[in-house]
Structures are given as C-alpha cells and as structure tokens.
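Chemist: Before I ask anything, here is the structure I am working with.
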Amino acid sequence: ADKPLTAQEAAQVIGMSRPMVVKAIKSGQLPYFMVGSHYRVQESDALAFKAKLRQQAQQALEDMADIDNELGLE
C-alpha cells in the first residue's frame, strides 16, 4: 500500500539525509504534497526516486569506465 512519508521517513527509504530530500522536493525532482506546513512524499515516489538515483549512479560509473577505456587506463 502506498503511504505518505514524512521528509525524514522518505530520507530513510531513499538512503539520503533529510536536507537532501527537502532539496530534491524544492528542485522539483521528488513529487510531494503538503500536510499543513509539512512535506509529505508518497512511498512509491520515494522508491521511484531511489531507483532513478541508482540508475544515474550506474550510468555515471559506466561513463567513467568508457572514459578509462578511451584513455587506455583500464
């Protein structure tokens, strides 16, 4: 079941600090809604964001490996 998470709970799900979650929310990278003055993130959105970050990290590693290969550093 998709449940709303606090910024702190979302941070724990994603594996990053609460300030980084708030930064992702404010930059539009992480969907959110407000409960009063508090940010809430759907659990599914937090998990999707985590997967996207992991995919970006994997791509960055592959790009670095490609550069190493081009430079003959493998």
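Every chain in the structure tokens has a letter given in the order shown (A, B, ...), and although residue numbers restart at 1 in each chain, ligands are simply numbered from 1 in the order shown.
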Near stretch 41-46 of chain A, within 8 Å and counting only C-alpha atoms, which residues show up once chain neighbours fewer than 6 positions away are dropped, as an mmCIF file with all heavy atoms, in the first residue's frame?
Modeler:
```
data_model
loop_
_atom_site.group_PDB
_atom_site.id
_atom_site.type_symbol
_atom_site.label_atom_id
_atom_site.label_comp_id
_atom_site.auth_asym_id
_atom_site.auth_seq_id
_atom_site.Cartn_x
_atom_site.Cartn_y
_atom_site.Cartn_z
ATOM 1 N N ASP A 2 0.536 2.194 -0.843
ATOM 2 C CA ASP A 2 1.296 3.432 -0.941
ATOM 3 C C ASP A 2 0.914 4.312 0.237
ATOM 4 O O ASP A 2 -0.255 4.594 0.453
ATOM 5 C CB ASP A 2 0.958 4.119 -2.257
ATOM 6 C CG ASP A 2 2.041 5.089 -2.686
ATOM 7 O OD1 ASP A 2 3.127 5.078 -2.081
ATOM 8 O OD2 ASP A 2 1.799 5.847 -3.617
ATOM 9 N N LYS A 3 1.892 4.706 1.012
ATOM 10 C CA LYS A 3 1.573 5.536 2.170
ATOM 11 C C LYS A 3 2.399 6.809 2.158
ATOM 12 O O LYS A 3 3.513 6.823 1.633
ATOM 13 C CB LYS A 3 1.802 4.751 3.467
ATOM 14 C CG LYS A 3 3.222 4.337 3.689
ATOM 15 C CD LYS A 3 3.382 3.560 4.990
ATOM 16 C CE LYS A 3 4.862 3.270 5.208
ATOM 17 N NZ LYS A 3 5.174 2.448 6.322
ATOM 18 N N PRO A 4 1.834 7.871 2.729
ATOM 19 C CA PRO A 4 2.591 9.127 2.792
ATOM 20 C C PRO A 4 3.696 9.034 3.837
ATOM 21 O O PRO A 4 3.511 8.475 4.918
ATOM 22 C CB PRO A 4 1.540 10.165 3.192
ATOM 23 C CG PRO A 4 0.421 9.401 3.794
ATOM 24 C CD PRO A 4 0.482 7.999 3.252
ATOM 25 N N LEU A 5 4.859 9.545 3.480
ATOM 26 C CA LEU A 5 6.020 9.538 4.367
ATOM 27 C C LEU A 5 6.379 10.977 4.731
ATOM 28 O O LEU A 5 6.229 11.884 3.914
ATOM 29 C CB LEU A 5 7.219 8.911 3.663
ATOM 30 C CG LEU A 5 7.049 7.515 3.079
ATOM 31 C CD1 LEU A 5 8.294 7.136 2.284
ATOM 32 C CD2 LEU A 5 6.783 6.497 4.166
ATOM 33 N N THR A 6 6.903 11.165 5.930
ATOM 34 C CA THR A 6 7.480 12.458 6.274
ATOM 35 C C THR A 6 8.790 12.602 5.498
ATOM 36 O O THR A 6 9.316 11.627 4.944
ATOM 37 C CB THR A 6 7.776 12.555 7.780
ATOM 38 O OG1 THR A 6 8.781 11.590 8.099
ATOM 39 C CG2 THR A 6 6.530 12.300 8.618
ATOM 40 N N ALA A 7 9.337 13.791 5.482
ATOM 41 C CA ALA A 7 10.621 14.007 4.809
ATOM 42 C C ALA A 7 11.686 13.108 5.425
ATOM 43 O O ALA A 7 12.526 12.538 4.723
ATOM 44 C CB ALA A 7 11.029 15.474 4.881
ATOM 45 N N ALA A 10 11.067 9.541 4.270
ATOM 46 C CA ALA A 10 11.464 9.446 2.863
ATOM 47 C C ALA A 10 12.985 9.375 2.759
ATOM 48 O O ALA A 10 13.527 8.604 1.963
ATOM 49 C CB ALA A 10 10.925 10.629 2.067
ATOM 50 N N VAL A 13 14.057 5.879 3.498
ATOM 51 C CA VAL A 13 13.728 4.970 2.394
ATOM 52 C C VAL A 13 14.728 5.142 1.250
ATOM 53 O O VAL A 13 15.228 4.172 0.687
ATOM 54 C CB VAL A 13 12.283 5.225 1.897
ATOM 55 C CG1 VAL A 13 12.030 4.555 0.548
ATOM 56 C CG2 VAL A 13 11.278 4.728 2.926
ATOM 57 N N ILE A 14 15.025 6.397 0.915
ATOM 58 C CA ILE A 14 15.889 6.699 -0.224
ATOM 59 C C ILE A 14 17.360 6.450 0.124
ATOM 60 O O ILE A 14 18.149 6.074 -0.733
ATOM 61 C CB ILE A 14 15.674 8.152 -0.696
ATOM 62 C CG1 ILE A 14 14.229 8.325 -1.186
ATOM 63 C CG2 ILE A 14 16.662 8.521 -1.795
ATOM 64 C CD1 ILE A 14 13.804 9.773 -1.347
ATOM 65 N N LEU A 30 11.470 15.455 -6.743
ATOM 66 C CA LEU A 30 10.719 14.499 -5.932
ATOM 67 C C LEU A 30 9.312 15.044 -5.698
ATOM 68 O O LEU A 30 9.157 16.100 -5.084
ATOM 69 C CB LEU A 30 11.449 14.278 -4.596
ATOM 70 C CG LEU A 30 10.884 13.259 -3.621
ATOM 71 C CD1 LEU A 30 10.775 11.882 -4.254
ATOM 72 C CD2 LEU A 30 11.752 13.186 -2.375
ATOM 73 N N PRO A 31 8.286 14.347 -6.218
ATOM 74 C CA PRO A 31 6.910 14.825 -6.020
ATOM 75 C C PRO A 31 6.534 14.828 -4.534
ATOM 76 O O PRO A 31 6.998 13.972 -3.778
ATOM 77 C CB PRO A 31 6.054 13.808 -6.773
ATOM 78 C CG PRO A 31 6.991 13.081 -7.674
ATOM 79 C CD PRO A 31 8.331 13.130 -7.005
ATOM 80 N N TYR A 32 5.701 15.774 -4.152
ATOM 81 C CA TYR A 32 5.311 15.880 -2.744
ATOM 82 C C TYR A 32 3.942 16.526 -2.647
ATOM 83 O O TYR A 32 3.408 17.030 -3.629
ATOM 84 C CB TYR A 32 6.333 16.714 -1.970
ATOM 85 C CG TYR A 32 6.266 18.189 -2.304
ATOM 86 C CD1 TYR A 32 5.536 19.076 -1.507
ATOM 87 C CD2 TYR A 32 6.897 18.687 -3.428
ATOM 88 C CE1 TYR A 32 5.453 20.424 -1.830
ATOM 89 C CE2 TYR A 32 6.811 20.025 -3.762
ATOM 90 C CZ TYR A 32 6.085 20.889 -2.953
ATOM 91 O OH TYR A 32 5.991 22.209 -3.270
ATOM 92 N N PHE A 33 3.407 16.497 -1.453
ATOM 93 C CA PHE A 33 2.211 17.288 -1.142
ATOM 94 C C PHE A 33 2.393 17.805 0.273
ATOM 95 O O PHE A 33 3.307 17.373 0.988
ATOM 96 C CB PHE A 33 0.929 16.461 -1.317
ATOM 97 C CG PHE A 33 0.847 15.234 -0.453
ATOM 98 C CD1 PHE A 33 0.120 15.251 0.729
ATOM 99 C CD2 PHE A 33 1.484 14.061 -0.832
ATOM 100 C CE1 PHE A 33 0.040 14.115 1.529
ATOM 101 C CE2 PHE A 33 1.412 12.918 -0.043
ATOM 102 C CZ PHE A 33 0.684 12.944 1.132
#
```
Chemist: Once DSSP has gone over the backbone, tell me which residues of chain A are in alpha helix (DSSP H), as a short mmCIF file (atom, residue, chain, number, x, y, z; two decimals) with N, CA and C atoms, in the first residue's frame.
Modeler:
```cif
data_model
loop_
_atom_site.label_atom_id
_atom_site.label_comp_id
_atom_site.auth_asym_id
_atom_site.auth_seq_id
_atom_site.Cartn_x
_atom_site.Cartn_y
_atom_site.Cartn_z
N ALA A 7 9.34 13.79 5.48
CA ALA A 7 10.62 14.01 4.81
C ALA A 7 11.69 13.11 5.42
N GLN A 8 11.65 12.95 6.74
CA GLN A 8 12.63 12.11 7.42
C GLN A 8 12.46 10.64 7.02
N GLU A 9 11.22 10.18 6.98
CA GLU A 9 10.97 8.78 6.58
C GLU A 9 11.38 8.56 5.13
N ALA A 10 11.07 9.54 4.27
CA ALA A 10 11.46 9.45 2.86
C ALA A 10 12.98 9.37 2.76
N ALA A 11 13.67 10.17 3.57
CA ALA A 11 15.14 10.16 3.58
C ALA A 11 15.67 8.77 3.92
N GLN A 12 15.04 8.12 4.88
CA GLN A 12 15.47 6.78 5.28
C GLN A 12 15.21 5.76 4.16
N VAL A 13 14.06 5.88 3.50
CA VAL A 13 13.73 4.97 2.39
C VAL A 13 14.73 5.14 1.25
N ILE A 14 15.03 6.40 0.91
CA ILE A 14 15.89 6.70 -0.22
C ILE A 14 17.36 6.45 0.12
N ARG A 18 17.80 14.07 5.36
CA ARG A 18 16.56 14.83 5.24
C ARG A 18 16.77 16.14 4.46
N PRO A 19 17.84 16.89 4.73
CA PRO A 19 18.05 18.12 3.94
C PRO A 19 18.16 17.85 2.44
N MET A 20 18.75 16.71 2.04
CA MET A 20 18.86 16.37 0.63
C MET A 20 17.48 16.05 0.05
N VAL A 21 16.61 15.41 0.85
CA VAL A 21 15.24 15.13 0.42
C VAL A 21 14.50 16.45 0.20
N VAL A 22 14.62 17.37 1.14
CA VAL A 22 13.96 18.68 1.01
C VAL A 22 14.48 19.41 -0.23
N LYS A 23 15.78 19.31 -0.49
CA LYS A 23 16.36 19.94 -1.68
C LYS A 23 15.76 19.32 -2.95
N ALA A 24 15.61 17.99 -2.96
CA ALA A 24 15.02 17.29 -4.12
C ALA A 24 13.56 17.71 -4.31
N ILE A 25 12.84 17.89 -3.20
CA ILE A 25 11.46 18.35 -3.26
C ILE A 25 11.40 19.76 -3.85
N LYS A 26 12.23 20.66 -3.32
CA LYS A 26 12.19 22.05 -3.75
C LYS A 26 12.65 22.23 -5.19
N GLU A 43 5.21 6.94 -0.64
CA GLU A 43 6.24 5.91 -0.58
C GLU A 43 6.67 5.47 -1.99
N SER A 44 5.71 5.34 -2.90
CA SER A 44 6.04 4.92 -4.27
C SER A 44 6.94 5.95 -4.96
N ASP A 45 6.70 7.24 -4.70
CA ASP A 45 7.54 8.29 -5.29
C ASP A 45 8.96 8.24 -4.71
N ALA A 46 9.06 7.97 -3.40
CA ALA A 46 10.37 7.85 -2.76
C ALA A 46 11.15 6.68 -3.35
N LEU A 47 10.46 5.55 -3.55
CA LEU A 47 11.12 4.36 -4.11
C LEU A 47 11.52 4.59 -5.56
N ALA A 48 10.67 5.28 -6.33
CA ALA A 48 10.99 5.58 -7.72
C ALA A 48 12.20 6.52 -7.80
N PHE A 49 12.25 7.49 -6.90
CA PHE A 49 13.37 8.43 -6.86
C PHE A 49 14.67 7.69 -6.52
N LYS A 50 14.58 6.77 -5.56
CA LYS A 50 15.74 5.96 -5.18
C LYS A 50 16.25 5.15 -6.38
N ALA A 51 15.32 4.54 -7.12
CA ALA A 51 15.69 3.75 -8.29
C ALA A 51 16.34 4.63 -9.36
N LYS A 52 15.80 5.84 -9.54
CA LYS A 52 16.35 6.77 -10.52
C LYS A 52 17.78 7.18 -10.14
N LEU A 53 17.99 7.46 -8.85
CA LEU A 53 19.33 7.81 -8.39
C LEU A 53 20.30 6.67 -8.62
N ARG A 54 19.85 5.45 -8.33
CA ARG A 54 20.70 4.27 -8.50
C ARG A 54 21.06 4.10 -9.98
N GLN A 55 20.07 4.33 -10.86
CA GLN A 55 20.30 4.21 -12.29
C GLN A 55 21.28 5.28 -12.78
N GLN A 56 21.13 6.50 -12.25
CA GLN A 56 22.05 7.59 -12.62
C GLN A 56 23.47 7.27 -12.15
N ALA A 57 23.59 6.70 -10.94
CA ALA A 57 24.91 6.35 -10.41
C ALA A 57 25.54 5.26 -11.27
N GLN A 58 24.74 4.28 -11.66
CA GLN A 58 25.23 3.19 -12.52
C GLN A 58 25.70 3.74 -13.86
N GLN A 59 24.92 4.68 -14.43
CA GLN A 59 25.29 5.29 -15.70
C GLN A 59 26.59 6.07 -15.57
N ALA A 60 26.75 6.78 -14.46
CA ALA A 60 27.97 7.56 -14.22
C ALA A 60 29.18 6.63 -14.15
N LEU A 61 29.02 5.48 -13.48
CA LEU A 61 30.12 4.51 -13.39
C LEU A 61 30.47 3.97 -14.77
N GLU A 62 29.44 3.68 -15.56
CA GLU A 62 29.68 3.18 -16.92
C GLU A 62 30.38 4.23 -17.77
N ASP A 63 29.95 5.49 -17.62
CA ASP A 63 30.58 6.57 -18.38
C ASP A 63 32.06 6.71 -17.99
N MET A 64 32.35 6.59 -16.69
CA MET A 64 33.74 6.68 -16.24
C MET A 64 34.57 5.52 -16.80
N ALA A 65 33.99 4.32 -16.83
CA ALA A 65 34.68 3.17 -17.38
C ALA A 65 34.97 3.38 -18.87
N ASP A 66 33.99 3.97 -19.58
CA ASP A 66 34.19 4.25 -21.00
C ASP A 66 35.35 5.23 -21.21
N ILE A 67 35.41 6.25 -20.36
CA ILE A 67 36.49 7.24 -20.46
C ILE A 67 37.83 6.57 -20.18
N ASP A 68 37.87 5.71 -19.15
CA ASP A 68 39.10 4.97 -18.84
C ASP A 68 39.55 4.14 -20.04
N ASN A 69 38.58 3.49 -20.68
CA ASN A 69 38.91 2.65 -21.85
C ASN A 69 39.45 3.50 -22.99
N GLU A 70 38.83 4.65 -23.21
CA GLU A 70 39.28 5.54 -24.28
C GLU A 70 40.70 6.04 -24.01
N LEU A 71 41.03 6.24 -22.75
CA LEU A 71 42.35 6.75 -22.39
C LEU A 71 43.36 5.63 -22.17
#
```
Chemist: Identify all residues of chain A in strand (DSSP E) (DSSP on the backbone) and supply them as a list of chain:residue names.
Modeler: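 These are the residues in question: A:Pro4, A:Leu5, A:Thr6, A:Phe33, A:Met34, A:Val35, A:His38, A:Tyr39, A:Arg40, A:Val41, A:Gln42.
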Chemist: Given the selection you just returned, output its residues as a file containing all heavy atoms, formatted as a compact mmCIF listing (two decimals), in the first residue's frame.
Modeler:
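Result file result-v9.txt:
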```
# COMPACT_ATOMS: atom_id res chain seq x y z
N PRO A 4 1.83 7.87 2.73
CA PRO A 4 2.59 9.13 2.79
C PRO A 4 3.70 9.03 3.84
O PRO A 4 3.51 8.48 4.92
CB PRO A 4 1.54 10.17 3.19
CG PRO A 4 0.42 9.40 3.79
CD PRO A 4 0.48 8.00 3.25
N LEU A 5 4.86 9.55 3.48
CA LEU A 5 6.02 9.54 4.37
C LEU A 5 6.38 10.98 4.73
O LEU A 5 6.23 11.88 3.91
CB LEU A 5 7.22 8.91 3.66
CG LEU A 5 7.05 7.51 3.08
CD1 LEU A 5 8.29 7.14 2.28
CD2 LEU A 5 6.78 6.50 4.17
N THR A 6 6.90 11.16 5.93
CA THR A 6 7.48 12.46 6.27
C THR A 6 8.79 12.60 5.50
O THR A 6 9.32 11.63 4.94
CB THR A 6 7.78 12.55 7.78
OG1 THR A 6 8.78 11.59 8.10
CG2 THR A 6 6.53 12.30 8.62
N PHE A 33 3.41 16.50 -1.45
CA PHE A 33 2.21 17.29 -1.14
C PHE A 33 2.39 17.81 0.27
O PHE A 33 3.31 17.37 0.99
CB PHE A 33 0.93 16.46 -1.32
CG PHE A 33 0.85 15.23 -0.45
CD1 PHE A 33 0.12 15.25 0.73
CD2 PHE A 33 1.48 14.06 -0.83
CE1 PHE A 33 0.04 14.11 1.53
CE2 PHE A 33 1.41 12.92 -0.04
CZ PHE A 33 0.68 12.94 1.13
N MET A 34 1.56 18.76 0.65
CA MET A 34 1.70 19.37 1.96
C MET A 34 0.61 18.88 2.90
O MET A 34 -0.53 18.69 2.49
CB MET A 34 1.62 20.90 1.86
CG MET A 34 2.66 21.55 0.98
SD MET A 34 4.37 21.36 1.54
CE MET A 34 4.37 22.44 2.98
N VAL A 35 0.99 18.66 4.14
CA VAL A 35 0.02 18.45 5.22
C VAL A 35 0.30 19.56 6.21
O VAL A 35 1.31 19.54 6.91
CB VAL A 35 0.17 17.06 5.87
CG1 VAL A 35 -0.75 16.94 7.07
CG2 VAL A 35 -0.11 15.95 4.86
N HIS A 38 3.95 20.82 6.51
CA HIS A 38 4.91 19.71 6.44
C HIS A 38 4.87 19.03 5.08
O HIS A 38 3.80 18.78 4.54
CB HIS A 38 4.60 18.68 7.54
CG HIS A 38 4.69 19.25 8.90
ND1 HIS A 38 5.88 19.45 9.56
CD2 HIS A 38 3.73 19.68 9.74
CE1 HIS A 38 5.65 19.98 10.75
NE2 HIS A 38 4.34 20.14 10.88
N TYR A 39 6.06 18.73 4.58
CA TYR A 39 6.17 17.97 3.33
C TYR A 39 5.78 16.52 3.57
O TYR A 39 6.14 15.93 4.59
CB TYR A 39 7.62 17.98 2.81
CG TYR A 39 8.11 19.33 2.37
CD1 TYR A 39 9.12 19.98 3.06
CD2 TYR A 39 7.58 19.95 1.25
CE1 TYR A 39 9.59 21.22 2.65
CE2 TYR A 39 8.04 21.19 0.83
CZ TYR A 39 9.04 21.81 1.53
OH TYR A 39 9.49 23.03 1.11
N ARG A 40 5.08 15.94 2.61
CA ARG A 40 4.81 14.50 2.61
C ARG A 40 5.14 13.97 1.22
O ARG A 40 4.88 14.63 0.21
CB ARG A 40 3.34 14.19 2.93
CG ARG A 40 2.94 14.51 4.35
CD ARG A 40 3.61 13.58 5.35
NE ARG A 40 3.19 13.87 6.71
CZ ARG A 40 3.78 14.72 7.55
NH1 ARG A 40 4.83 15.41 7.14
NH2 ARG A 40 3.32 14.90 8.76
N VAL A 41 5.72 12.79 1.19
CA VAL A 41 6.12 12.15 -0.06
C VAL A 41 5.47 10.76 -0.08
O VAL A 41 5.54 10.04 0.91
CB VAL A 41 7.67 12.01 -0.12
CG1 VAL A 41 8.09 11.25 -1.37
CG2 VAL A 41 8.34 13.37 -0.06
N GLN A 42 4.83 10.42 -1.19
CA GLN A 42 4.27 9.07 -1.30
C GLN A 42 5.42 8.06 -1.32
O GLN A 42 6.46 8.31 -1.92
CB GLN A 42 3.43 8.92 -2.57
CG GLN A 42 2.11 9.67 -2.52
CD GLN A 42 1.16 9.12 -1.47
OE1 GLN A 42 1.30 9.38 -0.28
NE2 GLN A 42 0.19 8.34 -1.92
```
